[in-house]
>>> print(open('coords36.pdb').read())   # PDB, N, CA and C atoms, pLDDT in the B column
ATOM      1  N   MET K  25     -21.058 -59.117-156.272  1.00 32.00           N
ATOM      2  CA  MET K  25     -21.274 -57.948-157.114  1.00 32.00           C
ATOM      3  C   MET K  25     -22.277 -57.025-156.439  1.00 32.00           C
ATOM      4  N   VAL K  26     -22.113 -55.754-156.692  1.00 31.00           N
ATOM      5  CA  VAL K  26     -22.992 -54.758-156.098  1.00 31.00           C
ATOM      6  C   VAL K  26     -23.591 -53.910-157.192  1.00 31.00           C
ATOM      7  N   TYR K  27     -24.646 -53.196-156.828  1.00 33.00           N
ATOM      8  CA  TYR K  27     -25.304 -52.277-157.747  1.00 33.00           C
ATOM      9  C   TYR K  27     -24.361 -51.122-158.064  1.00 33.00           C
ATOM     10  N   HIS K  28     -24.270 -50.734-159.305  1.00 40.00           N
ATOM     11  CA  HIS K  28     -23.437 -49.612-159.723  1.00 40.00           C
ATOM     12  C   HIS K  28     -24.258 -48.668-160.574  1.00 40.00           C
ATOM     13  N   GLN K  29     -24.045 -47.391-160.371  1.00 42.00           N
ATOM     14  CA  GLN K  29     -24.476 -46.447-161.398  1.00 42.00           C
ATOM     15  C   GLN K  29     -23.251 -46.287-162.278  1.00 42.00           C
ATOM     16  N   VAL K  30     -23.240 -47.011-163.384  1.00 47.00           N
ATOM     17  CA  VAL K  30     -22.045 -47.134-164.202  1.00 47.00           C
ATOM     18  C   VAL K  30     -21.776 -45.871-165.005  1.00 47.00           C
ATOM     19  N   LEU K  31     -22.778 -45.325-165.606  1.00 56.00           N
ATOM     20  CA  LEU K  31     -22.603 -44.190-166.490  1.00 56.00           C
ATOM     21  C   LEU K  31     -23.634 -43.124-166.162  1.00 56.00           C
ATOM     22  N   PRO K  32     -23.315 -41.875-166.451  1.00 57.00           N
ATOM     23  CA  PRO K  32     -24.335 -40.853-166.294  1.00 57.00           C
ATOM     24  C   PRO K  32     -25.571 -41.224-167.117  1.00 57.00           C
ATOM     25  N   PHE K  33     -26.713 -40.891-166.633  1.00 52.00           N
ATOM     26  CA  PHE K  33     -28.000 -41.127-167.290  1.00 52.00           C
ATOM     27  C   PHE K  33     -28.511 -42.555-167.167  1.00 52.00           C
ATOM     28  N   VAL K  34     -27.719 -43.468-166.632  1.00 58.00           N
ATOM     29  CA  VAL K  34     -28.120 -44.863-166.636  1.00 58.00           C
ATOM     30  C   VAL K  34     -28.214 -45.393-165.213  1.00 58.00           C
ATOM     31  N   GLU K  35     -29.394 -45.738-164.809  1.00 57.00           N
ATOM     32  CA  GLU K  35     -29.599 -46.462-163.566  1.00 57.00           C
ATOM     33  C   GLU K  35     -29.702 -47.926-163.956  1.00 57.00           C
ATOM     34  N   LEU K  36     -28.826 -48.723-163.429  1.00 56.00           N
ATOM     35  CA  LEU K  36     -28.759 -50.110-163.860  1.00 56.00           C
ATOM     36  C   LEU K  36     -29.537 -51.034-162.952  1.00 56.00           C
ATOM     37  N   ASP K  37     -30.161 -52.030-163.536  1.00 52.00           N
ATOM     38  CA  ASP K  37     -30.738 -53.130-162.781  1.00 52.00           C
ATOM     39  C   ASP K  37     -29.713 -54.259-162.727  1.00 52.00           C
ATOM     40  N   LEU K  38     -28.609 -54.074-163.418  1.00 63.00           N
ATOM     41  CA  LEU K  38     -27.593 -55.112-163.552  1.00 63.00           C
ATOM     42  C   LEU K  38     -26.420 -54.792-162.645  1.00 63.00           C
ATOM     43  N   SER K  39     -25.665 -55.805-162.351  1.00 75.00           N
ATOM     44  CA  SER K  39     -24.433 -55.607-161.594  1.00 75.00           C
ATOM     45  C   SER K  39     -23.259 -55.944-162.487  1.00 75.00           C
ATOM     46  N   PHE K  40     -22.268 -55.078-162.468  1.00 81.00           N
ATOM     47  CA  PHE K  40     -21.036 -55.313-163.187  1.00 81.00           C
ATOM     48  C   PHE K  40     -19.902 -55.272-162.174  1.00 81.00           C
ATOM     49  N   ASP K  41     -18.900 -56.097-162.381  1.00 84.00           N
ATOM     50  CA  ASP K  41     -17.753 -56.083-161.482  1.00 84.00           C
ATOM     51  C   ASP K  41     -16.904 -54.840-161.780  1.00 84.00           C
ATOM     52  N   PRO K  42     -15.998 -54.479-160.877  1.00 84.00           N
ATOM     53  CA  PRO K  42     -15.196 -53.264-161.082  1.00 84.00           C
ATOM     54  C   PRO K  42     -14.413 -53.225-162.393  1.00 84.00           C
ATOM     55  N   PRO K  43     -13.781 -54.319-162.844  1.00 90.00           N
ATOM     56  CA  PRO K  43     -13.088 -54.234-164.139  1.00 90.00           C
ATOM     57  C   PRO K  43     -14.037 -53.939-165.309  1.00 90.00           C
ATOM     58  N   THR K  44     -15.222 -54.527-165.284  1.00 89.00           N
ATOM     59  CA  THR K  44     -16.193 -54.274-166.345  1.00 89.00           C
ATOM     60  C   THR K  44     -16.703 -52.840-166.270  1.00 89.00           C
ATOM     61  N   THR K  45     -16.931 -52.355-165.057  1.00 86.00           N
ATOM     62  CA  THR K  45     -17.353 -50.969-164.879  1.00 86.00           C
ATOM     63  C   THR K  45     -16.321 -50.024-165.485  1.00 86.00           C
ATOM     64  N   ALA K  46     -15.046 -50.315-165.285  1.00 88.00           N
ATOM     65  CA  ALA K  46     -13.982 -49.482-165.858  1.00 88.00           C
ATOM     66  C   ALA K  46     -14.025 -49.519-167.385  1.00 88.00           C
ATOM     67  N   ILE K  47     -14.296 -50.679-167.946  1.00 93.00           N
ATOM     68  CA  ILE K  47     -14.413 -50.809-169.407  1.00 93.00           C
ATOM     69  C   ILE K  47     -15.582 -49.973-169.922  1.00 93.00           C
ATOM     70  N   LEU K  48     -16.712 -50.016-169.237  1.00 91.00           N
ATOM     71  CA  LEU K  48     -17.877 -49.233-169.655  1.00 91.00           C
ATOM     72  C   LEU K  48     -17.577 -47.746-169.609  1.00 91.00           C
ATOM     73  N   ARG K  49     -16.921 -47.318-168.559  1.00 90.00           N
ATOM     74  CA  ARG K  49     -16.561 -45.898-168.449  1.00 90.00           C
ATOM     75  C   ARG K  49     -15.616 -45.489-169.578  1.00 90.00           C
ATOM     76  N   THR K  50     -14.643 -46.331-169.877  1.00 93.00           N
ATOM     77  CA  THR K  50     -13.702 -46.043-170.961  1.00 93.00           C
ATOM     78  C   THR K  50     -14.428 -45.922-172.294  1.00 93.00           C
ATOM     79  N   ALA K  51     -15.317 -46.862-172.575  1.00 94.00           N
ATOM     80  CA  ALA K  51     -16.078 -46.833-173.834  1.00 94.00           C
ATOM     81  C   ALA K  51     -16.931 -45.577-173.920  1.00 94.00           C
ATOM     82  N   TYR K  52     -17.598 -45.225-172.827  1.00 91.00           N
ATOM     83  CA  TYR K  52     -18.455 -44.039-172.803  1.00 91.00           C
ATOM     84  C   TYR K  52     -17.620 -42.770-172.987  1.00 91.00           C
ATOM     85  N   ASP K  53     -16.494 -42.670-172.291  1.00 90.00           N
ATOM     86  CA  ASP K  53     -15.624 -41.501-172.429  1.00 90.00           C
ATOM     87  C   ASP K  53     -15.121 -41.361-173.862  1.00 90.00           C
ATOM     88  N   ARG K  54     -14.772 -42.480-174.492  1.00 93.00           N
ATOM     89  CA  ARG K  54     -14.320 -42.438-175.891  1.00 93.00           C
ATOM     90  C   ARG K  54     -15.444 -41.980-176.816  1.00 93.00           C
ATOM     91  N   ALA K  55     -16.648 -42.465-176.559  1.00 92.00           N
ATOM     92  CA  ALA K  55     -17.792 -42.055-177.379  1.00 92.00           C
ATOM     93  C   ALA K  55     -18.050 -40.556-177.236  1.00 92.00           C
ATOM     94  N   LEU K  56     -17.960 -40.047-176.015  1.00 90.00           N
ATOM     95  CA  LEU K  56     -18.144 -38.606-175.811  1.00 90.00           C
ATOM     96  C   LEU K  56     -17.050 -37.811-176.512  1.00 90.00           C
ATOM     97  N   ALA K  57     -15.835 -38.328-176.505  1.00 91.00           N
ATOM     98  CA  ALA K  57     -14.741 -37.648-177.197  1.00 91.00           C
ATOM     99  C   ALA K  57     -15.023 -37.570-178.697  1.00 91.00           C
ATOM    100  N   GLU K  58     -15.621 -38.621-179.259  1.00 91.00           N
ATOM    101  CA  GLU K  58     -16.001 -38.602-180.675  1.00 91.00           C
ATOM    102  C   GLU K  58     -17.054 -37.522-180.962  1.00 91.00           C
ATOM    103  N   LEU K  59     -17.860 -37.237-179.959  1.00 88.00           N
ATOM    104  CA  LEU K  59     -18.852 -36.166-180.096  1.00 88.00           C
ATOM    105  C   LEU K  59     -18.240 -34.807-179.773  1.00 88.00           C
ATOM    106  N   HIS K  60     -16.954 -34.821-179.460  1.00 87.00           N
ATOM    107  CA  HIS K  60     -16.250 -33.610-179.026  1.00 87.00           C
ATOM    108  C   HIS K  60     -16.921 -33.034-177.782  1.00 87.00           C
ATOM    109  N   ASP K  61     -17.395 -33.952-176.913  1.00 71.00           N
ATOM    110  CA  ASP K  61     -18.055 -33.607-175.652  1.00 71.00           C
ATOM    111  C   ASP K  61     -19.270 -32.693-175.855  1.00 71.00           C
ATOM    112  N   ARG K  62     -19.872 -32.786-177.035  1.00 79.00           N
ATOM    113  CA  ARG K  62     -21.099 -32.046-177.315  1.00 79.00           C
ATOM    114  C   ARG K  62     -22.196 -33.047-177.593  1.00 79.00           C
ATOM    115  N   GLY K  63     -23.348 -32.551-177.818  1.00 78.00           N
ATOM    116  CA  GLY K  63     -24.470 -33.433-178.128  1.00 78.00           C
ATOM    117  C   GLY K  63     -25.517 -33.344-177.034  1.00 78.00           C
ATOM    118  N   PRO K  64     -26.751 -33.463-177.426  1.00 85.00           N
ATOM    119  CA  PRO K  64     -27.832 -33.358-176.442  1.00 85.00           C
ATOM    120  C   PRO K  64     -27.825 -34.544-175.477  1.00 85.00           C
ATOM    121  N   ASP K  65     -28.452 -34.333-174.347  1.00 83.00           N
ATOM    122  CA  ASP K  65     -28.546 -35.402-173.355  1.00 83.00           C
ATOM    123  C   ASP K  65     -29.166 -36.660-173.931  1.00 83.00           C
ATOM    124  N   SER K  66     -30.088 -36.509-174.876  1.00 87.00           N
ATOM    125  CA  SER K  66     -30.733 -37.691-175.450  1.00 87.00           C
ATOM    126  C   SER K  66     -29.718 -38.573-176.186  1.00 87.00           C
ATOM    127  N   VAL K  67     -28.747 -37.976-176.846  1.00 89.00           N
ATOM    128  CA  VAL K  67     -27.712 -38.745-177.545  1.00 89.00           C
ATOM    129  C   VAL K  67     -26.779 -39.392-176.526  1.00 89.00           C
ATOM    130  N   ARG K  68     -26.406 -38.645-175.506  1.00 87.00           N
ATOM    131  CA  ARG K  68     -25.541 -39.201-174.461  1.00 87.00           C
ATOM    132  C   ARG K  68     -26.233 -40.373-173.763  1.00 87.00           C
ATOM    133  N   HIS K  69     -27.504 -40.203-173.521  1.00 86.00           N
ATOM    134  CA  HIS K  69     -28.279 -41.274-172.883  1.00 86.00           C
ATOM    135  C   HIS K  69     -28.328 -42.502-173.784  1.00 86.00           C
ATOM    136  N   ALA K  70     -28.565 -42.287-175.069  1.00 91.00           N
ATOM    137  CA  ALA K  70     -28.631 -43.413-176.011  1.00 91.00           C
ATOM    138  C   ALA K  70     -27.280 -44.131-176.099  1.00 91.00           C
ATOM    139  N   LEU K  71     -26.194 -43.378-176.100  1.00 91.00           N
ATOM    140  CA  LEU K  71     -24.865 -43.992-176.109  1.00 91.00           C
ATOM    141  C   LEU K  71     -24.661 -44.856-174.870  1.00 91.00           C
ATOM    142  N   ALA K  72     -24.992 -44.297-173.724  1.00 90.00           N
ATOM    143  CA  ALA K  72     -24.812 -45.028-172.467  1.00 90.00           C
ATOM    144  C   ALA K  72     -25.643 -46.305-172.447  1.00 90.00           C
ATOM    145  N   ARG K  73     -26.893 -46.187-172.839  1.00 90.00           N
ATOM    146  CA  ARG K  73     -27.773 -47.361-172.862  1.00 90.00           C
ATOM    147  C   ARG K  73     -27.239 -48.445-173.789  1.00 90.00           C
ATOM    148  N   ARG K  74     -26.784 -48.033-174.965  1.00 94.00           N
ATOM    149  CA  ARG K  74     -26.288 -49.017-175.937  1.00 94.00           C
ATOM    150  C   ARG K  74     -25.037 -49.714-175.406  1.00 94.00           C
ATOM    151  N   ILE K  75     -24.141 -48.967-174.799  1.00 93.00           N
ATOM    152  CA  ILE K  75     -22.936 -49.556-174.225  1.00 93.00           C
ATOM    153  C   ILE K  75     -23.305 -50.576-173.155  1.00 93.00           C
ATOM    154  N   VAL K  76     -24.239 -50.230-172.293  1.00 91.00           N
ATOM    155  CA  VAL K  76     -24.663 -51.149-171.240  1.00 91.00           C
ATOM    156  C   VAL K  76     -25.325 -52.390-171.842  1.00 91.00           C
ATOM    157  N   THR K  77     -26.155 -52.200-172.857  1.00 92.00           N
ATOM    158  CA  THR K  77     -26.818 -53.327-173.511  1.00 92.00           C
ATOM    159  C   THR K  77     -25.794 -54.278-174.130  1.00 92.00           C
ATOM    160  N   LEU K  78     -24.816 -53.721-174.824  1.00 95.00           N
ATOM    161  CA  LEU K  78     -23.781 -54.542-175.438  1.00 95.00           C
ATOM    162  C   LEU K  78     -22.952 -55.278-174.383  1.00 95.00           C
ATOM    163  N   ALA K  79     -22.632 -54.595-173.300  1.00 93.00           N
ATOM    164  CA  ALA K  79     -21.869 -55.230-172.219  1.00 93.00           C
ATOM    165  C   ALA K  79     -22.690 -56.331-171.558  1.00 93.00           C
ATOM    166  N   SER K  80     -23.981 -56.119-171.437  1.00 91.00           N
ATOM    167  CA  SER K  80     -24.856 -57.142-170.856  1.00 91.00           C
ATOM    168  C   SER K  80     -24.883 -58.397-171.704  1.00 91.00           C
ATOM    169  N   ALA K  81     -24.656 -58.215-173.020  1.00 95.00           N
ATOM    170  CA  ALA K  81     -24.622 -59.351-173.944  1.00 95.00           C
ATOM    171  C   ALA K  81     -23.238 -59.996-174.009  1.00 95.00           C
ATOM    172  N   GLY K  82     -22.266 -59.439-173.260  1.00 95.00           N
ATOM    173  CA  GLY K  82     -20.960 -60.066-173.175  1.00 95.00           C
ATOM    174  C   GLY K  82     -19.797 -59.318-173.799  1.00 95.00           C
ATOM    175  N   GLU K  83     -20.070 -58.236-174.519  1.00 97.00           N
ATOM    176  CA  GLU K  83     -18.972 -57.480-175.141  1.00 97.00           C
ATOM    177  C   GLU K  83     -18.141 -56.796-174.049  1.00 97.00           C
ATOM    178  N   ARG K  84     -16.813 -56.927-174.136  1.00 97.00           N
ATOM    179  CA  ARG K  84     -15.933 -56.321-173.137  1.00 97.00           C
ATOM    180  C   ARG K  84     -14.812 -55.494-173.752  1.00 97.00           C
ATOM    181  N   ASN K  85     -14.787 -55.371-175.073  1.00 98.00           N
ATOM    182  CA  ASN K  85     -13.766 -54.569-175.721  1.00 98.00           C
ATOM    183  C   ASN K  85     -14.246 -53.120-175.769  1.00 98.00           C
ATOM    184  N   PRO K  86     -13.542 -52.185-175.114  1.00 97.00           N
ATOM    185  CA  PRO K  86     -14.027 -50.807-175.069  1.00 97.00           C
ATOM    186  C   PRO K  86     -14.109 -50.134-176.435  1.00 97.00           C
ATOM    187  N   ASP K  87     -13.207 -50.496-177.349  1.00 98.00           N
ATOM    188  CA  ASP K  87     -13.264 -49.903-178.690  1.00 98.00           C
ATOM    189  C   ASP K  87     -14.516 -50.358-179.431  1.00 98.00           C
ATOM    190  N   ARG K  88     -14.825 -51.641-179.354  1.00 98.00           N
ATOM    191  CA  ARG K  88     -16.034 -52.151-180.018  1.00 98.00           C
ATOM    192  C   ARG K  88     -17.288 -51.594-179.347  1.00 98.00           C
ATOM    193  N   LEU K  89     -17.288 -51.509-178.021  1.00 97.00           N
ATOM    194  CA  LEU K  89     -18.440 -50.923-177.329  1.00 97.00           C
ATOM    195  C   LEU K  89     -18.676 -49.494-177.804  1.00 97.00           C
ATOM    196  N   CYS K  90     -17.621 -48.719-177.862  1.00 97.00           N
ATOM    197  CA  CYS K  90     -17.715 -47.329-178.311  1.00 97.00           C
ATOM    198  C   CYS K  90     -18.220 -47.253-179.749  1.00 97.00           C
ATOM    199  N   ASP K  91     -17.566 -47.982-180.650  1.00 97.00           N
ATOM    200  CA  ASP K  91     -17.930 -47.905-182.069  1.00 97.00           C
ATOM    201  C   ASP K  91     -19.364 -48.367-182.322  1.00 97.00           C
ATOM    202  N   LYS K  92     -19.750 -49.456-181.696  1.00 97.00           N
ATOM    203  CA  LYS K  92     -21.110 -49.962-181.906  1.00 97.00           C
ATOM    204  C   LYS K  92     -22.149 -48.996-181.358  1.00 97.00           C
ATOM    205  N   ALA K  93     -21.843 -48.344-180.257  1.00 96.00           N
ATOM    206  CA  ALA K  93     -22.777 -47.352-179.709  1.00 96.00           C
ATOM    207  C   ALA K  93     -22.877 -46.144-180.640  1.00 96.00           C
ATOM    208  N   LEU K  94     -21.741 -45.705-181.179  1.00 96.00           N
ATOM    209  CA  LEU K  94     -21.766 -44.569-182.101  1.00 96.00           C
ATOM    210  C   LEU K  94     -22.515 -44.893-183.383  1.00 96.00           C
ATOM    211  N   VAL K  95     -22.399 -46.117-183.866  1.00 96.00           N
ATOM    212  CA  VAL K  95     -23.172 -46.545-185.031  1.00 96.00           C
ATOM    213  C   VAL K  95     -24.651 -46.547-184.698  1.00 96.00           C
ATOM    214  N   ALA K  96     -24.998 -47.041-183.519  1.00 95.00           N
ATOM    215  CA  ALA K  96     -26.402 -47.147-183.127  1.00 95.00           C
ATOM    216  C   ALA K  96     -27.104 -45.794-183.057  1.00 95.00           C
ATOM    217  N   VAL K  97     -26.358 -44.739-182.702  1.00 92.00           N
ATOM    218  CA  VAL K  97     -26.977 -43.407-182.619  1.00 92.00           C
ATOM    219  C   VAL K  97     -26.755 -42.581-183.881  1.00 92.00           C
ATOM    220  N   GLY K  98     -26.113 -43.198-184.898  1.00 88.00           N
ATOM    221  CA  GLY K  98     -25.966 -42.535-186.185  1.00 88.00           C
ATOM    222  C   GLY K  98     -24.790 -41.617-186.310  1.00 88.00           C
ATOM    223  N   VAL K  99     -23.833 -41.677-185.392  1.00 86.00           N
ATOM    224  CA  VAL K  99     -22.654 -40.835-185.474  1.00 86.00           C
ATOM    225  C   VAL K  99     -21.634 -41.426-186.433  1.00 86.00           C
ATOM    226  N   LEU K 100     -21.511 -42.740-186.433  1.00 86.00           N
ATOM    227  CA  LEU K 100     -20.635 -43.440-187.380  1.00 86.00           C
ATOM    228  C   LEU K 100     -21.489 -44.231-188.359  1.00 86.00           C
ATOM    229  N   PRO K 101     -21.006 -44.377-189.606  1.00 85.00           N
ATOM    230  CA  PRO K 101     -21.749 -45.217-190.557  1.00 85.00           C
ATOM    231  C   PRO K 101     -21.596 -46.688-190.184  1.00 85.00           C
ATOM    232  N   GLN K 102     -22.549 -47.485-190.646  1.00 84.00           N
ATOM    233  CA  GLN K 102     -22.505 -48.926-190.362  1.00 84.00           C
ATOM    234  C   GLN K 102     -21.420 -49.604-191.141  1.00 84.00           C
TER     235      GLN K 102
END
>>> encode(input="coords36.pdb", output="structure tokens")
Amino acid sequence: MVYHQVLPFVELDLSFDPPTTAILRTAYDRALAELHDRGPDSVRHALARRIVTLASAGERNPDRLCDKALVAVGVLPQ
């Protein structure tokens, strides 16, 4: 495994394999689409961080990664 900058705003100390990196990108892109590609950098950063945190804990479903990140930043209700 190699170091990846997986998502904008996120410098990782973790290594993810290419399939996992693709899942993270998919989840992040879906989350941005829910924001209609708007929102301050702080929200985008929080989404990215949450997705990475969830993936670090083992989550690999892009829909769940997206939804849980959106809940964490208050875009979706719990």
>>> resolve_selection(input="coords36.pdb", expression="the PyMOL selection byres ((chain K and resi 60-75) around 7)", output="NGL selection string")
:K and (31-34 or 48 or 52 or 55-59 or 76-80 or 89-90 or 92-94 or 97)
>>> closest_residue(input="coords36.pdb", among="K:Ile47, K:Arg54, K:Val95, K:Pro42", to="K:Glu83", atoms="only C-alpha atoms")
K:Ile47
>>> atom_distance(input="coords36.pdb", atom1="atom CA of K:Leu100", atom2="atom CA of K:Gly82")
21.9 Å
>>> atom_distance(input="coords36.pdb", atom1="atom CA of K:Thr44", atom2="atom CA of K:Arg84")
7.1 Å
>>> axis_aligned_box(input="coords36.pdb", around="stretch 79-92 of chain K", padding_each_side="3 Å", output="JSON")
{"center_x": -19.0, "center_y": -53.7, "center_z": -176.6, "size_x": 17.7, "size_y": 18.8, "size_z": 17.5}
>>> decode(input="coords36.pdb", residues="stretch 62-73 of chain K", atoms="N, CA and C atoms", output="short mmCIF file (atom, residue, chain, number, x, y, z; two decimals), in the first residue's frame")
data_model
loop_
_atom_site.label_atom_id
_atom_site.label_comp_id
_atom_site.auth_asym_id
_atom_site.auth_seq_id
_atom_site.Cartn_x
_atom_site.Cartn_y
_atom_site.Cartn_z
N ARG K 62 -22.43 22.70 -3.71
CA ARG K 62 -22.26 23.97 -3.01
C ARG K 62 -21.85 23.67 -1.59
N GLY K 63 -21.63 24.69 -0.85
CA GLY K 63 -21.26 24.51 0.55
C GLY K 63 -19.85 25.01 0.78
N PRO K 64 -19.63 25.55 1.94
CA PRO K 64 -18.30 26.10 2.25
C PRO K 64 -17.25 24.99 2.35
N ASP K 65 -16.02 25.39 2.20
CA ASP K 65 -14.92 24.43 2.31
C ASP K 65 -14.94 23.70 3.64
N SER K 66 -15.40 24.36 4.70
CA SER K 66 -15.42 23.71 6.01
C SER K 66 -16.37 22.50 6.01
N VAL K 67 -17.48 22.59 5.30
CA VAL K 67 -18.42 21.47 5.22
C VAL K 67 -17.82 20.37 4.35
N ARG K 68 -17.21 20.74 3.25
CA ARG K 68 -16.58 19.75 2.38
C ARG K 68 -15.46 19.02 3.12
N HIS K 69 -14.72 19.78 3.88
CA HIS K 69 -13.63 19.18 4.67
C HIS K 69 -14.20 18.22 5.71
N ALA K 70 -15.26 18.63 6.38
CA ALA K 70 -15.87 17.77 7.40
C ALA K 70 -16.43 16.48 6.77
N LEU K 71 -17.03 16.60 5.60
CA LEU K 71 -17.52 15.41 4.90
C LEU K 71 -16.37 14.46 4.58
N ALA K 72 -15.31 15.01 4.04
CA ALA K 72 -14.16 14.19 3.66
C ALA K 72 -13.56 13.49 4.88
N ARG K 73 -13.38 14.25 5.94
CA ARG K 73 -12.81 13.67 7.17
C ARG K 73 -13.68 12.54 7.71
#
